[in-house]
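K.L.:
Would you mind keeping the following structure in view while I ask a few things?
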2 protein chains.
Amino acid sequence: MAALPLNIRALVFDVFGTVVDWRGSIIREGELLSATQASAAGLKVDWPAFADAWRAGYQPAMDTTRGEGAAWVDIDTLHRRILDGLLPRFGLQGLSADELEHLNRVWHRLMPWPDTVSGLNRLRARYPISTLSNGNVSLLVDMARNAGLPWDCVLSGELVQKYKPDPAVYLMAARLLGVAPQQLMLVAAHPSDLAGAQRAGLRTAYVMRPLEYGAGVPGEPVGKLVFDFTATDFLDLAAQLGA
Amino acid sequence: MAALPLNIRALVFDVFGTVVDWRGSIIREGELLSATQASAAGLKVDWPAFADAWRAGYQPAMDTTRGEGAAWVDIDTLHRRILDGLLPRFGLQGLSADELEHLNRVWHRLMPWPDTVSGLNRLRARYPISTLSNGNVSLLVDMARNAGLPWDCVLSGELVQKYKPDPAVYLMAARLLGVAPQQLMLVAAHPSDLAGAQRAGLRTAYVMRPLEYGAGVPGEPVGKLVFDFTATDFLDLAAQLGA
């Protein structure tokens with residue numbers, strides 16, 4: 001636990017993996033699809049492998065939008081490109097256009113971790129809380145309405161048409177929330193995101209999400225990074241922050 | 001009441017005057033200042049005239065930020081410029097720097113109309129609701145936390161560094177909320193704002209706020225404008241929308 005005179009004035013949160021359980025949510029929706037949709041009923045889909053493959057396409061897809069001359073593309077579009085590429089491998093070609101669009105929007109319906117909503121409500125009593133996600137704004141709004149996430153503000157790389165860990169994304173959040181970078185703390189389960197926040201001058205809180213990639217599958221290594229706070233979940237972070 | 005097949009998918013709200021009572025809030029904070037602060041206790045300030053003068057500076061101040069070569073400046077800064085110009089006229093030169101800064105931030109603490117919070121909660125059960133204000137994001141976040149405004153998203157002209165009625169502001173809202181302009185409805189008490197929304201292709205709901213400029217003082221005339229909905233307050237609008 002860090003000493004408290006850090007003068008933190010607002011918290012921003014990574015979303016996919018940190019706030020919501022993308023893998024478990026996709027597996028559950030896939031199983032639901034298998035159980036209820038005639039077009040998918042005959043299929044034997046390995047939904048955990050499907051979820052992992054979909055997420056594995058995410059970084060490479062974002063990378064195509066970076067750098068000189070590359071056009072920024074939103075996550076909904078990137079998710080759909082990856083999904084379309086996975087259909088044959090997972091035997092999903094039989095889904096209708098509507099079913100595919102619904103499946104692509106599972107990212108708008110991801111479910112929170114068990115501590116997320118109660119933890120956010122505690123943290124929010126003390127600090128303004130906002131998303132700071134690579135997900136597009138409408139995805140984040142839908143997710144918050146669906147899952148009861150009590151954000152004070154919805155911020156996304158979309159607002160500057162960049163993806164984290166581009167420093168422009170973290171600095172945009174400080175600017176729009178009216179605080180200095182060192183008064184803003186990123187809460188995230190991913191060391192690379194936290195390192196990006198540190199490079200932009202933000203404070204950092206690392207929250208472990210040991211089930212993000214499945215039980216027993218290690219997440220991104222922390223390496224030599226040092227964070228202002230390290231917490232087992234949002235309730236632990238709230239306790240450490242006196243919230 | 002309009003027929004309902006308009007396919008409205010989200011609502012955005014003008015804030016100053018439509019959601020919150022800027023005039024009544026400024027008068028009340030001024031009276032509180034007179035009643036409690038030694039530095040202001042001896043002053044006989046005409047707080048209603050002060051509120052009106054402050055607000056009257058708003059359009060001219062925004063106008064200085066429009067057009068070729070003009071730099072966009074946020075509302076907090078514009079409010080402070082206007083305030084500084086009003087100090088001698090209202091005998092407020094005796095306020096300390098901290099008191100002046102606190103007074104300038106009264107716009108972050110404006111109080112809702114009596115129907116606002118309950119009306120927004122009803123509307124929100126059916127539609128995503130967002131601000132679409134010329135106020136900066138941090139002002140809107142502070143106001144929402146202070147007044148219990150249940151926004152799903154906080155959108156501001158700041159995101160495109162333009163002020164309404166510039167069409168870029170309305171179109172930004174549709175884009176970020178993931179809906180077509182004709183699926184988005186602006187709720188506002190000001191015909192000129194609603195006219196701007198119509199020019200950008202949005203739907204419009206006019207909500208009357210007869211006390212905005214003080215009892216008996218007429219607001220902006222509607223003229224020949226026709227809106228999709230006209231409501232006496234947010235609860236009436238919710239009823240008309242079946243929310």
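Chains: A, B, ... in order of the structure tokens. Residues: from 1 per chain. Ligands: from 1, in order shown.
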Residues of region 9-127 of chain B that approach region 223-236 of chain B to 8 Å or less, counting only C-alpha atoms: could you list each one with the shortest pair of atoms and its distance in Å to one decimal, rows by chain and increasing residue number, as CSV?

P.N.:
```
residue,atom,partner,partner_atom,distance
B:Asp115,CA,B:Phe234,CA,6.1
B:Thr116,CA,B:Phe234,CA,6.2
B:Ser118,CA,B:Leu235,CA,7.4
B:Gly119,CA,B:Leu235,CA,4.7
B:Leu120,CA,B:Phe234,CA,6.9
B:Arg122,CA,B:Leu235,CA,7.7
```

K.L.:
List the neighbours of region 82-97 of chain A out to 12 Å using only C-alpha atoms; skip same-chain residues closer than 6 positions along the sequence, and give me the result as number ranges by chain.

P.N.:
A: 30, 33-34, 37-62, 75-76, 103-107

K.L.:
Quick check: residues of chain A within 9 Å of chain B, only C-alpha atoms, returned as a list in words.

P.N.:
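Therefore, the residues near the partner are Pro128, Asn136, Val137, Ser138, Leu139, Val141, Asp142, Ala144, Arg145, Pro150, Trp151, Asp152, Cys153, Val154, Leu155, Glu158, Leu159, Val160, Arg175, Leu176, Leu177, Gly178 and Val179 of chain A.
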
K.L.:
Using the chain letters and numbers from this document, which residues of region 104-219 of chain A does DSSP assign to strand (DSSP E), as a count of residues only?

P.N.:
19

K.L.:
In terms of the shortest atom-to-atom distance over only C-alpha atoms, which of B:Ala205, B:Ala71, B:Met143, B:Met111 is closest to Val12 (chain B)?

P.N.:
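Using only C-alpha atoms, Val12 (chain B) sits closest to B:Ala205.
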
K.L.:
Using only C-alpha atoms, which residues sit within 8 Å of Val19 (chain A) once same-chain residues fewer than 6 positions away are excluded, as a PyMOL selection string?

P.N.:
chain A and resi 13+112-113+116

K.L.:
Check region 20-80 of chain B with DSSP on the backbone and list each residue it calls helix (DSSP H, G or I), as an NGL selection string.

P.N.:
:B and (22-36 or 38-41 or 47-56 or 58-63 or 75-80)

K.L.:
Kindly indicate which residue among A:Lys164, A:Arg199, A:His108, A:His190 lies nearest to Ser25 (chain A), using only C-alpha atoms for the distances.

P.N.:
A:His108

K.L.:
Can you measure CA of Tyr206 (chain B) to CA of Gly148 (chain A) for me? One decimal in Å is fine.

P.N.:
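Atom-to-atom, CA of Tyr206 (chain B) and CA of Gly148 (chain A) are spaced 29.4 Å apart.
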
K.L.:
Would you mind reading off the distance between CA of Asp21 (chain B) and CA of Arg80 (chain B), one decimal, in Å?

P.N.:
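Those two atoms sit 19.2 Å apart.
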
K.L.:
Please compute the CA of Leu237 (chain A)-CA of Lys162 (chain A) distance, one decimal, in Å.

P.N.:
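Calculated distance between CA of Leu237 (chain A) and CA of Lys162 (chain A) is 28.2 Å.
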